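Input: a single structure, listed below in C-alpha cells.
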Amino acid sequence: MSRWLLPGFLAVGVIATMVLIVGPALYAVSLSFYDLPSLTSDPVWVGFAKYGELLVSGEFWNALWNGVVYAGLSIILQVVLGIGFALLLNQKFRGRGILRGLAFLPYLLPTVIAVLTFKWMVDGSLGIISILMNELGLPPIYWFETESMAMFSVILISVWLWTPFVTTTFLAGLQTVPMQLYEAARIDGAGPIRQFWHITLPSLRPILTVIILLRGVWMFNKFDVIYLTTGGGPLGATEHLPVLSYRQAFALYDIGSGAAVATLSFLVLMVAVTLYFRFFPMETGK
C-alpha cells in the first residue's frame, strides 16, 4: 500500500494542475484566435488577426511599458527597503520580537482593504494626509489625477503591501550567515559597509535571485492594485497588460483581443524569465 502512496499524491497533483491551470490556460490561448463578442456568442475564426492588431496598437506597447515601469520600480524599492529593514530587525534590541511581528502586518491585509484605506487617507476633502498637509501649509497633491502621480501612487501602495514579505525572507536568510565571518571581518578592520558588501550580500545572493524573479512575475501580473485605484487611468498612464486584457475582454466585449493580450503577456514573461536565468543562473549545491 505504501509504495502507491507517493505516485498517488503525484497523480492527484498532476491531474489538479492540468484541470485547474493548464486546461484553462490553453482554452484562453485558443480564444485569441477567434472574434468573440461574448462567451455565449458564436466564435468566428480570425487566426492571428488579433495579434496583428495588438502589435501595431499603441495601447499594447503603452501597457507593456507601464508594466515594466510598475514592476521594475516596485521590485527595486521592495528589495532595497526589504534588505534595509531585515538588517535592522536582525539587530539585538528590546522588543525586537514585537517589532518583527508588526513589520509583517501589512502583508496580512487584504489588498482591497489596503487600497481603499490609502484612497481614504489621501482624499482631497476628508483624507487625514490631505488635512495634515493643508494644516502645514503644503500644496495639495493630486495622487490619482495626474499621470506621474498616479503611477507613483500605485507603486507606493505596492511597496507598502509587499515589502514585509521581502523583509521576512531576507531576515530568514540573515539567520543562516555564520557570525564567525563577521567576527573575522572585524578583526581584519572591515567596517559595516565592507561587511555588507563582502559578507552579507554574497550570502543573500541565492535568496535575492529568487526574490527578484518571483516579485518580478507577481508584480508584472498584478491586477488588483491598479484596477482598484486608477482603473488604468488617467489617460492610460497606469494601464498595464492585465488591465488592458480585462478592458478588452469585459469592457469592449472583445474576448479574442483580451485573450491575445494575456497570451502575449505570458510570452513576454517567458522570454524575460529565460533571459533572467541566462544571466543570473540559480546556484546549486555540490
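Residues in the C-alpha cells are numbered from 1 in each chain, the chains being A, B, ... in the order shown, and ligands are numbered from 1 in the order shown.
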Residues within 8 Å of region 116-123 of chain A, only C-alpha atoms, excluding chain neighbours under 5 positions, as JSON, numbers by chain: {"A": [128, 129, 130, 143, 157, 228, 229]}
Distance table requested - region 177-203 of chain A against region 209-215 of chain A, cut-off 12 Å, only C-alpha atoms: one row per qualifying residue with the closest atom pair and its distance in Å to one decimal, ordered by chain and rising residue number, as CSV.
```
residue,atom,partner,partner_atom,distance
A:Leu201,CA,A:Thr209,CA,11.3
A:Pro202,CA,A:Thr209,CA,11.0
A:Ser203,CA,A:Thr209,CA,11.4
```
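The residue that comes closest to Leu161 (chain A), out of A:Ser74, A:Thr176, A:Ser245, A:Asn90 and on the basis of only C-alpha atoms, is A:Ser74.
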Determine, for each residue of region 32-139 of chain A having at least one atom at most 8 Å from an atom of region 171-175 of chain A, the closest pair of atoms and their separation in Å to one decimal, counting only C-alpha atoms; order by chain and ascending number, as CSV.
```
residue,atom,partner,partner_atom,distance
A:Ile83,CA,A:Leu171,CA,7.9
A:Ala86,CA,A:Leu171,CA,4.8
A:Leu87,CA,A:Leu171,CA,7.2
A:Leu89,CA,A:Leu171,CA,7.4
A:Asn90,CA,A:Leu171,CA,6.6
```
All strand (DSSP E) positions in region 3-207 of chain A, as number ranges by chain: A: 34-35, 44-45
Would you mind listing, for every residue of region 28-52 of chain A within 6 Å of region 247-267 of chain A, the two atoms forming the shortest contact and the distance between them in Å to one decimal, using only C-alpha atoms, sorted by chain and ascending residue number, as JSON lines?
```
{"residue": "A:Ala28", "atom": "CA", "partner": "A:Ala259", "partner_atom": "CA", "distance": 5.7}
{"residue": "A:Leu31", "atom": "CA", "partner": "A:Gly256", "partner_atom": "CA", "distance": 5.4}
{"residue": "A:Ser32", "atom": "CA", "partner": "A:Gly256", "partner_atom": "CA", "distance": 4.2}
{"residue": "A:Tyr34", "atom": "CA", "partner": "A:Gly256", "partner_atom": "CA", "distance": 5.5}
{"residue": "A:Asp35", "atom": "CA", "partner": "A:Gly256", "partner_atom": "CA", "distance": 5.5}
{"residue": "A:Leu36", "atom": "CA", "partner": "A:Ile255", "partner_atom": "CA", "distance": 5.4}
{"residue": "A:Pro37", "atom": "CA", "partner": "A:Asp254", "partner_atom": "CA", "distance": 5.0}
{"residue": "A:Lys50", "atom": "CA", "partner": "A:Ser257", "partner_atom": "CA", "distance": 5.6}
```
Shortest interatomic distance to Gly216 (chain A) - which of A:Ile113, A:Val56, A:Leu5, A:Ala272, counting only C-alpha atoms: A:Ala272
Among the residues A:Val154, A:Met282, A:Ala114, A:Val44, the one that comes closest to Leu208 (chain A) [using only C-alpha atoms]: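 Closest to Leu208 (chain A), using only C-alpha atoms: A:Met282.
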DSSP alpha helix (DSSP H) residues within region 209-278 of chain A, as a compact mmCIF listing (two decimals) with all heavy atoms, in the first residue's frame:
```txt
# COMPACT_ATOMS: atom_id res chain seq x y z
N THR A 209 18.24 36.33 -5.78
CA THR A 209 17.91 35.87 -7.13
C THR A 209 16.48 35.38 -7.22
O THR A 209 15.73 35.72 -8.15
CB THR A 209 18.88 34.75 -7.54
OG1 THR A 209 20.23 35.22 -7.48
CG2 THR A 209 18.59 34.29 -8.97
N VAL A 210 16.06 34.60 -6.22
CA VAL A 210 14.70 34.06 -6.23
C VAL A 210 13.68 35.17 -5.99
O VAL A 210 12.62 35.22 -6.64
CB VAL A 210 14.57 32.94 -5.17
CG1 VAL A 210 13.12 32.47 -5.07
CG2 VAL A 210 15.49 31.78 -5.52
N ILE A 211 13.97 36.06 -5.04
CA ILE A 211 13.03 37.12 -4.71
C ILE A 211 12.77 38.03 -5.91
O ILE A 211 11.62 38.38 -6.22
CB ILE A 211 13.55 37.95 -3.52
CG1 ILE A 211 13.34 37.18 -2.22
CG2 ILE A 211 12.85 39.30 -3.43
CD1 ILE A 211 11.89 36.97 -1.84
N ILE A 212 13.83 38.43 -6.60
CA ILE A 212 13.66 39.30 -7.77
C ILE A 212 12.83 38.60 -8.84
O ILE A 212 11.95 39.21 -9.47
CB ILE A 212 15.03 39.74 -8.32
CG1 ILE A 212 15.73 40.66 -7.31
CG2 ILE A 212 14.87 40.45 -9.66
CD1 ILE A 212 17.12 41.08 -7.73
N LEU A 213 13.09 37.31 -9.04
CA LEU A 213 12.33 36.57 -10.04
C LEU A 213 10.85 36.49 -9.66
O LEU A 213 9.97 36.81 -10.47
CB LEU A 213 12.91 35.16 -10.19
CG LEU A 213 12.13 34.21 -11.11
CD1 LEU A 213 12.16 34.73 -12.54
CD2 LEU A 213 12.71 32.81 -11.03
N LEU A 214 10.57 36.07 -8.43
CA LEU A 214 9.18 35.92 -8.00
C LEU A 214 8.45 37.25 -7.98
O LEU A 214 7.32 37.36 -8.48
CB LEU A 214 9.13 35.26 -6.62
CG LEU A 214 9.58 33.80 -6.54
CD1 LEU A 214 9.49 33.30 -5.11
CD2 LEU A 214 8.76 32.92 -7.47
N ARG A 215 9.07 38.27 -7.38
CA ARG A 215 8.41 39.56 -7.31
C ARG A 215 8.21 40.14 -8.71
O ARG A 215 7.23 40.83 -8.97
CB ARG A 215 9.22 40.54 -6.46
CG ARG A 215 9.33 40.20 -4.97
CD ARG A 215 8.01 39.86 -4.34
NE ARG A 215 6.99 40.88 -4.59
CZ ARG A 215 5.69 40.68 -4.42
NH1 ARG A 215 5.25 39.51 -4.04
NH2 ARG A 215 4.82 41.65 -4.65
N GLY A 216 9.16 39.89 -9.61
CA GLY A 216 9.02 40.38 -10.98
C GLY A 216 7.80 39.79 -11.67
O GLY A 216 7.00 40.49 -12.29
N VAL A 217 7.64 38.47 -11.55
CA VAL A 217 6.50 37.80 -12.17
C VAL A 217 5.20 38.27 -11.52
O VAL A 217 4.21 38.58 -12.21
CB VAL A 217 6.65 36.27 -12.05
CG1 VAL A 217 5.38 35.57 -12.53
CG2 VAL A 217 7.86 35.79 -12.85
N TRP A 218 5.18 38.34 -10.21
CA TRP A 218 3.95 38.73 -9.50
C TRP A 218 3.57 40.18 -9.78
O TRP A 218 2.39 40.47 -10.01
CB TRP A 218 4.12 38.51 -8.00
CG TRP A 218 4.21 37.06 -7.61
CD1 TRP A 218 3.81 35.99 -8.36
CD2 TRP A 218 4.76 36.52 -6.40
NE1 TRP A 218 4.06 34.82 -7.70
CE2 TRP A 218 4.65 35.10 -6.49
CE3 TRP A 218 5.33 37.07 -5.26
CZ2 TRP A 218 5.08 34.26 -5.48
CZ3 TRP A 218 5.76 36.22 -4.25
CH2 TRP A 218 5.63 34.84 -4.36
N MET A 219 4.55 41.08 -9.76
CA MET A 219 4.22 42.49 -9.97
C MET A 219 3.82 42.75 -11.41
O MET A 219 2.96 43.59 -11.68
CB MET A 219 5.40 43.37 -9.58
CG MET A 219 5.77 43.34 -8.10
SD MET A 219 4.38 43.58 -6.98
CE MET A 219 3.80 45.19 -7.49
N PHE A 220 4.43 42.06 -12.37
CA PHE A 220 4.08 42.25 -13.77
C PHE A 220 2.64 41.79 -14.02
O PHE A 220 1.94 42.33 -14.88
CB PHE A 220 5.04 41.47 -14.66
CG PHE A 220 4.94 41.81 -16.12
CD1 PHE A 220 5.52 42.96 -16.63
CD2 PHE A 220 4.26 40.99 -17.00
CE1 PHE A 220 5.43 43.29 -17.97
CE2 PHE A 220 4.15 41.30 -18.34
CZ PHE A 220 4.74 42.45 -18.83
N ASN A 221 2.20 40.78 -13.26
CA ASN A 221 0.85 40.26 -13.42
C ASN A 221 -0.16 40.86 -12.43
O ASN A 221 -1.33 40.48 -12.45
CB ASN A 221 0.84 38.74 -13.24
CG ASN A 221 1.42 38.01 -14.44
OD1 ASN A 221 1.25 38.44 -15.58
ND2 ASN A 221 2.12 36.92 -14.19
N ASP A 224 -4.98 43.77 -9.17
CA ASP A 224 -5.94 44.37 -8.25
C ASP A 224 -5.59 45.79 -7.83
O ASP A 224 -6.47 46.65 -7.75
CB ASP A 224 -6.11 43.48 -7.02
CG ASP A 224 -4.79 42.96 -6.47
OD1 ASP A 224 -3.73 43.44 -6.92
OD2 ASP A 224 -4.82 42.07 -5.59
N VAL A 225 -4.29 46.07 -7.55
CA VAL A 225 -3.93 47.40 -7.05
C VAL A 225 -4.27 48.48 -8.07
O VAL A 225 -4.91 49.49 -7.75
CB VAL A 225 -2.43 47.45 -6.70
CG1 VAL A 225 -2.01 48.88 -6.40
CG2 VAL A 225 -2.15 46.57 -5.49
N ILE A 226 -3.86 48.28 -9.31
CA ILE A 226 -4.10 49.29 -10.33
C ILE A 226 -5.59 49.39 -10.66
O ILE A 226 -6.14 50.49 -10.82
CB ILE A 226 -3.27 48.99 -11.59
CG1 ILE A 226 -1.78 49.19 -11.29
CG2 ILE A 226 -3.70 49.86 -12.76
CD1 ILE A 226 -0.87 48.93 -12.46
N TYR A 227 -6.27 48.26 -10.74
CA TYR A 227 -7.69 48.30 -11.09
C TYR A 227 -8.51 48.99 -10.00
O TYR A 227 -9.44 49.74 -10.29
CB TYR A 227 -8.21 46.88 -11.32
CG TYR A 227 -9.65 46.84 -11.73
CD1 TYR A 227 -10.03 47.17 -13.03
CD2 TYR A 227 -10.64 46.48 -10.83
CE1 TYR A 227 -11.36 47.15 -13.42
CE2 TYR A 227 -11.97 46.45 -11.21
CZ TYR A 227 -12.33 46.78 -12.50
OH TYR A 227 -13.66 46.76 -12.88
N LEU A 228 -8.16 48.75 -8.74
CA LEU A 228 -8.93 49.34 -7.63
C LEU A 228 -8.62 50.82 -7.42
O LEU A 228 -9.44 51.53 -6.84
CB LEU A 228 -8.64 48.58 -6.34
CG LEU A 228 -9.20 47.15 -6.25
CD1 LEU A 228 -8.65 46.44 -5.03
CD2 LEU A 228 -10.72 47.17 -6.22
N THR A 229 -7.46 51.28 -7.86
CA THR A 229 -7.09 52.68 -7.63
C THR A 229 -7.39 53.56 -8.83
O THR A 229 -8.15 54.53 -8.73
CB THR A 229 -5.60 52.78 -7.28
OG1 THR A 229 -4.82 52.09 -8.28
CG2 THR A 229 -5.31 52.19 -5.92
N LEU A 241 -0.63 45.42 -18.90
CA LEU A 241 -1.22 44.36 -19.70
C LEU A 241 -2.39 43.64 -19.02
O LEU A 241 -3.40 43.36 -19.69
CB LEU A 241 -0.13 43.35 -20.11
CG LEU A 241 0.92 43.89 -21.08
CD1 LEU A 241 1.94 42.82 -21.42
CD2 LEU A 241 0.26 44.41 -22.36
N PRO A 242 -2.34 43.31 -17.73
CA PRO A 242 -3.52 42.68 -17.13
C PRO A 242 -4.78 43.54 -17.19
O PRO A 242 -5.87 43.04 -17.47
CB PRO A 242 -3.09 42.44 -15.68
CG PRO A 242 -1.61 42.31 -15.75
CD PRO A 242 -1.19 43.29 -16.81
N VAL A 243 -4.63 44.85 -16.93
CA VAL A 243 -5.79 45.74 -17.00
C VAL A 243 -6.26 45.89 -18.45
O VAL A 243 -7.46 45.92 -18.72
CB VAL A 243 -5.45 47.11 -16.40
CG1 VAL A 243 -6.59 48.10 -16.62
CG2 VAL A 243 -5.17 46.97 -14.91
N LEU A 244 -5.32 45.99 -19.38
CA LEU A 244 -5.69 46.08 -20.80
C LEU A 244 -6.44 44.83 -21.24
O LEU A 244 -7.44 44.92 -21.97
CB LEU A 244 -4.44 46.28 -21.65
CG LEU A 244 -4.66 46.30 -23.18
CD1 LEU A 244 -5.57 47.46 -23.58
CD2 LEU A 244 -3.33 46.39 -23.91
N SER A 245 -5.98 43.66 -20.81
CA SER A 245 -6.65 42.41 -21.16
C SER A 245 -8.07 42.41 -20.62
O SER A 245 -9.03 42.03 -21.33
CB SER A 245 -5.87 41.22 -20.60
OG SER A 245 -6.55 40.01 -20.85
N TYR A 246 -8.24 42.83 -19.38
CA TYR A 246 -9.58 42.89 -18.78
C TYR A 246 -10.47 43.88 -19.53
O TYR A 246 -11.64 43.58 -19.80
CB TYR A 246 -9.46 43.29 -17.31
CG TYR A 246 -10.79 43.45 -16.62
CD1 TYR A 246 -11.42 42.36 -16.04
CD2 TYR A 246 -11.42 44.70 -16.55
CE1 TYR A 246 -12.65 42.51 -15.40
CE2 TYR A 246 -12.64 44.85 -15.92
CZ TYR A 246 -13.25 43.76 -15.35
OH TYR A 246 -14.47 43.90 -14.73
N ILE A 255 -13.50 39.37 -26.52
CA ILE A 255 -12.85 38.29 -25.78
C ILE A 255 -11.56 37.87 -26.47
O ILE A 255 -10.56 37.58 -25.81
CB ILE A 255 -13.80 37.08 -25.65
CG1 ILE A 255 -15.12 37.50 -24.99
CG2 ILE A 255 -13.13 35.97 -24.86
CD1 ILE A 255 -14.98 37.95 -23.58
N GLY A 256 -11.58 37.84 -27.80
CA GLY A 256 -10.40 37.42 -28.54
C GLY A 256 -9.20 38.32 -28.29
O GLY A 256 -8.09 37.85 -28.06
N SER A 257 -9.42 39.63 -28.32
CA SER A 257 -8.32 40.56 -28.08
C SER A 257 -7.83 40.47 -26.63
O SER A 257 -6.63 40.53 -26.37
CB SER A 257 -8.77 42.00 -28.39
OG SER A 257 -9.00 42.16 -29.77
N GLY A 258 -8.76 40.32 -25.69
CA GLY A 258 -8.35 40.17 -24.29
C GLY A 258 -7.50 38.93 -24.09
O GLY A 258 -6.49 38.97 -23.38
N ALA A 259 -7.90 37.83 -24.72
CA ALA A 259 -7.12 36.59 -24.62
C ALA A 259 -5.76 36.76 -25.32
O ALA A 259 -4.75 36.22 -24.86
CB ALA A 259 -7.89 35.44 -25.24
N ALA A 260 -5.72 37.49 -26.43
CA ALA A 260 -4.45 37.72 -27.13
C ALA A 260 -3.49 38.54 -26.28
O ALA A 260 -2.29 38.27 -26.24
CB ALA A 260 -4.71 38.41 -28.46
N VAL A 261 -4.02 39.55 -25.58
CA VAL A 261 -3.17 40.35 -24.68
C VAL A 261 -2.60 39.46 -23.58
O VAL A 261 -1.41 39.54 -23.26
CB VAL A 261 -3.98 41.51 -24.06
CG1 VAL A 261 -3.15 42.22 -23.00
CG2 VAL A 261 -4.39 42.50 -25.14
N ALA A 262 -3.44 38.61 -22.99
CA ALA A 262 -2.98 37.72 -21.93
C ALA A 262 -1.93 36.75 -22.46
O ALA A 262 -0.93 36.47 -21.78
CB ALA A 262 -4.16 36.96 -21.34
N THR A 263 -2.11 36.26 -23.67
CA THR A 263 -1.14 35.33 -24.25
C THR A 263 0.19 36.02 -24.52
O THR A 263 1.26 35.48 -24.22
CB THR A 263 -1.69 34.74 -25.55
OG1 THR A 263 -2.95 34.09 -25.29
CG2 THR A 263 -0.73 33.72 -26.14
N LEU A 264 0.14 37.24 -25.07
CA LEU A 264 1.37 37.98 -25.31
C LEU A 264 2.07 38.32 -24.00
O LEU A 264 3.31 38.29 -23.92
CB LEU A 264 1.06 39.25 -26.10
CG LEU A 264 0.66 39.07 -27.57
CD1 LEU A 264 0.27 40.40 -28.18
CD2 LEU A 264 1.83 38.45 -28.35
N SER A 265 1.30 38.63 -22.97
CA SER A 265 1.89 38.90 -21.66
C SER A 265 2.63 37.67 -21.14
O SER A 265 3.73 37.78 -20.59
CB SER A 265 0.79 39.32 -20.68
OG SER A 265 1.33 39.54 -19.39
N PHE A 266 2.03 36.51 -21.33
CA PHE A 266 2.68 35.26 -20.92
C PHE A 266 3.97 35.02 -21.70
O PHE A 266 4.99 34.61 -21.13
CB PHE A 266 1.71 34.09 -21.13
CG PHE A 266 2.32 32.74 -20.89
CD1 PHE A 266 2.63 32.32 -19.60
CD2 PHE A 266 2.58 31.89 -21.95
CE1 PHE A 266 3.19 31.07 -19.38
CE2 PHE A 266 3.15 30.64 -21.75
CZ PHE A 266 3.45 30.23 -20.46
N LEU A 267 3.94 35.30 -23.00
CA LEU A 267 5.15 35.12 -23.82
C LEU A 267 6.25 36.09 -23.40
O LEU A 267 7.43 35.73 -23.36
CB LEU A 267 4.80 35.30 -25.29
CG LEU A 267 3.86 34.25 -25.90
CD1 LEU A 267 3.54 34.60 -27.35
CD2 LEU A 267 4.50 32.86 -25.82
N VAL A 268 5.87 37.33 -23.09
CA VAL A 268 6.86 38.31 -22.63
C VAL A 268 7.52 37.83 -21.35
O VAL A 268 8.74 37.91 -21.18
CB VAL A 268 6.19 39.69 -22.42
CG1 VAL A 268 7.12 40.63 -21.68
CG2 VAL A 268 5.79 40.29 -23.76
N LEU A 269 6.72 37.30 -20.43
CA LEU A 269 7.27 36.79 -19.17
C LEU A 269 8.17 35.58 -19.42
O LEU A 269 9.21 35.43 -18.76
CB LEU A 269 6.15 36.41 -18.22
CG LEU A 269 5.54 37.54 -17.40
CD1 LEU A 269 4.42 37.02 -16.53
CD2 LEU A 269 6.61 38.20 -16.54
N MET A 270 7.79 34.72 -20.35
CA MET A 270 8.64 33.56 -20.66
C MET A 270 10.00 34.00 -21.15
O MET A 270 11.04 33.47 -20.73
CB MET A 270 7.96 32.67 -21.70
CG MET A 270 6.87 31.77 -21.17
SD MET A 270 6.30 30.60 -22.42
CE MET A 270 7.80 29.71 -22.79
N VAL A 271 10.03 34.97 -22.06
CA VAL A 271 11.30 35.47 -22.58
C VAL A 271 12.11 36.12 -21.46
O VAL A 271 13.32 35.90 -21.33
CB VAL A 271 11.05 36.47 -23.73
CG1 VAL A 271 12.35 37.13 -24.17
CG2 VAL A 271 10.40 35.75 -24.91
N ALA A 272 11.44 36.94 -20.64
CA ALA A 272 12.13 37.62 -19.55
C ALA A 272 12.72 36.64 -18.55
O ALA A 272 13.86 36.80 -18.10
CB ALA A 272 11.17 38.58 -18.85
N VAL A 273 11.96 35.60 -18.19
CA VAL A 273 12.45 34.61 -17.24
C VAL A 273 13.61 33.82 -17.83
O VAL A 273 14.60 33.52 -17.14
CB VAL A 273 11.31 33.67 -16.82
CG1 VAL A 273 11.84 32.48 -16.02
CG2 VAL A 273 10.28 34.42 -15.99
N THR A 274 13.52 33.49 -19.12
CA THR A 274 14.62 32.77 -19.77
C THR A 274 15.91 33.59 -19.77
O THR A 274 16.99 33.09 -19.46
CB THR A 274 14.23 32.41 -21.21
OG1 THR A 274 13.04 31.62 -21.19
CG2 THR A 274 15.34 31.64 -21.90
N LEU A 275 15.80 34.87 -20.11
CA LEU A 275 16.97 35.74 -20.08
C LEU A 275 17.49 35.93 -18.66
O LEU A 275 18.71 35.99 -18.44
CB LEU A 275 16.62 37.11 -20.69
CG LEU A 275 16.31 37.11 -22.19
CD1 LEU A 275 15.88 38.51 -22.64
CD2 LEU A 275 17.53 36.65 -22.99
N TYR A 276 16.58 35.99 -17.70
CA TYR A 276 16.99 36.15 -16.30
C TYR A 276 17.82 34.96 -15.85
O TYR A 276 18.87 35.13 -15.23
CB TYR A 276 15.75 36.30 -15.43
CG TYR A 276 16.06 36.57 -13.98
CD1 TYR A 276 16.38 37.85 -13.54
CD2 TYR A 276 16.03 35.54 -13.04
CE1 TYR A 276 16.66 38.11 -12.21
CE2 TYR A 276 16.31 35.79 -11.71
CZ TYR A 276 16.62 37.06 -11.30
OH TYR A 276 16.92 37.31 -9.99
N PHE A 277 17.36 33.74 -16.16
CA PHE A 277 18.13 32.55 -15.80
C PHE A 277 19.44 32.47 -16.58
O PHE A 277 20.42 31.89 -16.10
CB PHE A 277 17.30 31.29 -16.04
CG PHE A 277 16.31 31.01 -14.96
CD1 PHE A 277 14.99 30.75 -15.27
CD2 PHE A 277 16.69 31.02 -13.63
CE1 PHE A 277 14.07 30.50 -14.27
CE2 PHE A 277 15.78 30.77 -12.62
CZ PHE A 277 14.47 30.50 -12.94
N ARG A 278 19.45 33.07 -17.77
CA ARG A 278 20.70 33.05 -18.57
C ARG A 278 21.77 33.91 -17.92
O ARG A 278 22.94 33.52 -17.87
CB ARG A 278 20.39 33.55 -19.98
CG ARG A 278 21.61 33.72 -20.88
CD ARG A 278 22.26 32.39 -21.19
NE ARG A 278 23.39 32.55 -22.08
CZ ARG A 278 24.62 32.88 -21.69
NH1 ARG A 278 24.86 33.10 -20.40
NH2 ARG A 278 25.59 33.00 -22.57
```
Among the residues A:Leu10, A:Gly233, A:Val112, A:Gly124, the one that comes closest to Ile141 (chain A) [using only C-alpha atoms]: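 Looking only at the distances to Ile141 (chain A), the closest residue turns out to be A:Gly124.
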Two-atom distance - CA of Leu73 (chain A), CA of Ser153 (chain A) (Å): 11.8 Å
Surrounding residues of Phe85 (chain A) excluding itself and chain neighbours under 4 positions, 10 Å, only C-alpha atoms, as a PyMOL selection string: chain A and resi 79-81+89-90+100+103+163-164+166-168+170-171
Show me, as a compact mmCIF listing (two decimals) with N, CA, C and O atoms, in the first residue's frame, the residues that have an atom within 10 Å of Met151 (chain A) when counting only C-alpha atoms, minus same-chain residues fewer than 4 positions from it.
```txt
# COMPACT_ATOMS: atom_id res chain seq x y z
N ASN A 66 4.20 50.46 -19.31
CA ASN A 66 3.72 50.74 -17.97
C ASN A 66 3.95 49.56 -17.03
O ASN A 66 4.29 49.74 -15.85
N VAL A 69 7.64 49.54 -16.07
CA VAL A 69 7.93 50.60 -15.09
C VAL A 69 7.36 50.24 -13.73
O VAL A 69 8.05 50.34 -12.69
N TYR A 70 6.11 49.81 -13.71
CA TYR A 70 5.45 49.47 -12.45
C TYR A 70 6.16 48.33 -11.73
O TYR A 70 6.48 48.41 -10.54
N TRP A 143 -3.08 62.72 -6.06
CA TRP A 143 -2.46 61.40 -6.07
C TRP A 143 -2.83 60.57 -7.30
O TRP A 143 -1.98 59.86 -7.84
N PHE A 144 -4.06 60.63 -7.73
CA PHE A 144 -4.50 59.78 -8.83
C PHE A 144 -4.98 60.56 -10.05
O PHE A 144 -5.46 59.97 -11.01
N THR A 146 -3.10 63.02 -11.86
CA THR A 146 -2.06 63.29 -12.85
C THR A 146 -1.34 62.01 -13.21
O THR A 146 -1.29 61.06 -12.41
N GLU A 147 -0.76 61.96 -14.40
CA GLU A 147 -0.17 60.73 -14.90
C GLU A 147 1.00 60.26 -14.04
O GLU A 147 1.09 59.09 -13.65
N ILE A 155 2.63 52.43 -7.22
CA ILE A 155 3.90 51.84 -6.80
C ILE A 155 4.06 51.95 -5.29
O ILE A 155 4.50 50.99 -4.62
N LEU A 156 3.68 53.09 -4.73
CA LEU A 156 3.78 53.29 -3.28
C LEU A 156 2.93 52.27 -2.54
O LEU A 156 3.37 51.67 -1.54
N ILE A 226 -3.86 48.28 -9.31
CA ILE A 226 -4.10 49.29 -10.33
C ILE A 226 -5.59 49.39 -10.66
O ILE A 226 -6.14 50.49 -10.82
N THR A 230 -6.81 53.25 -9.95
CA THR A 230 -6.94 54.12 -11.13
C THR A 230 -7.72 53.50 -12.27
O THR A 230 -8.15 54.22 -13.17
N GLY A 232 -6.44 51.98 -14.56
CA GLY A 232 -5.59 52.15 -15.73
C GLY A 232 -5.38 53.60 -16.13
O GLY A 232 -4.55 53.91 -16.97
N GLY A 233 -6.15 54.51 -15.55
CA GLY A 233 -6.02 55.93 -15.89
C GLY A 233 -4.98 56.62 -15.05
O GLY A 233 -4.26 55.96 -14.28
N PRO A 234 -4.87 57.94 -15.17
CA PRO A 234 -5.60 58.77 -16.15
C PRO A 234 -4.95 58.68 -17.53
O PRO A 234 -3.73 58.62 -17.65
N ALA A 237 -2.23 56.10 -18.22
CA ALA A 237 -0.90 56.27 -17.63
C ALA A 237 -0.50 55.10 -16.75
O ALA A 237 0.70 54.85 -16.55
N THR A 238 -1.47 54.38 -16.18
CA THR A 238 -1.15 53.24 -15.32
C THR A 238 -1.71 51.93 -15.87
O THR A 238 -1.66 50.91 -15.19
N GLU A 239 -2.25 51.96 -17.07
CA GLU A 239 -2.81 50.73 -17.64
C GLU A 239 -1.68 49.80 -18.09
O GLU A 239 -0.90 50.14 -18.97
```
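Between CA of Leu64 (chain A) and CA of Gly52 (chain A) the separation is 15.7 Å.
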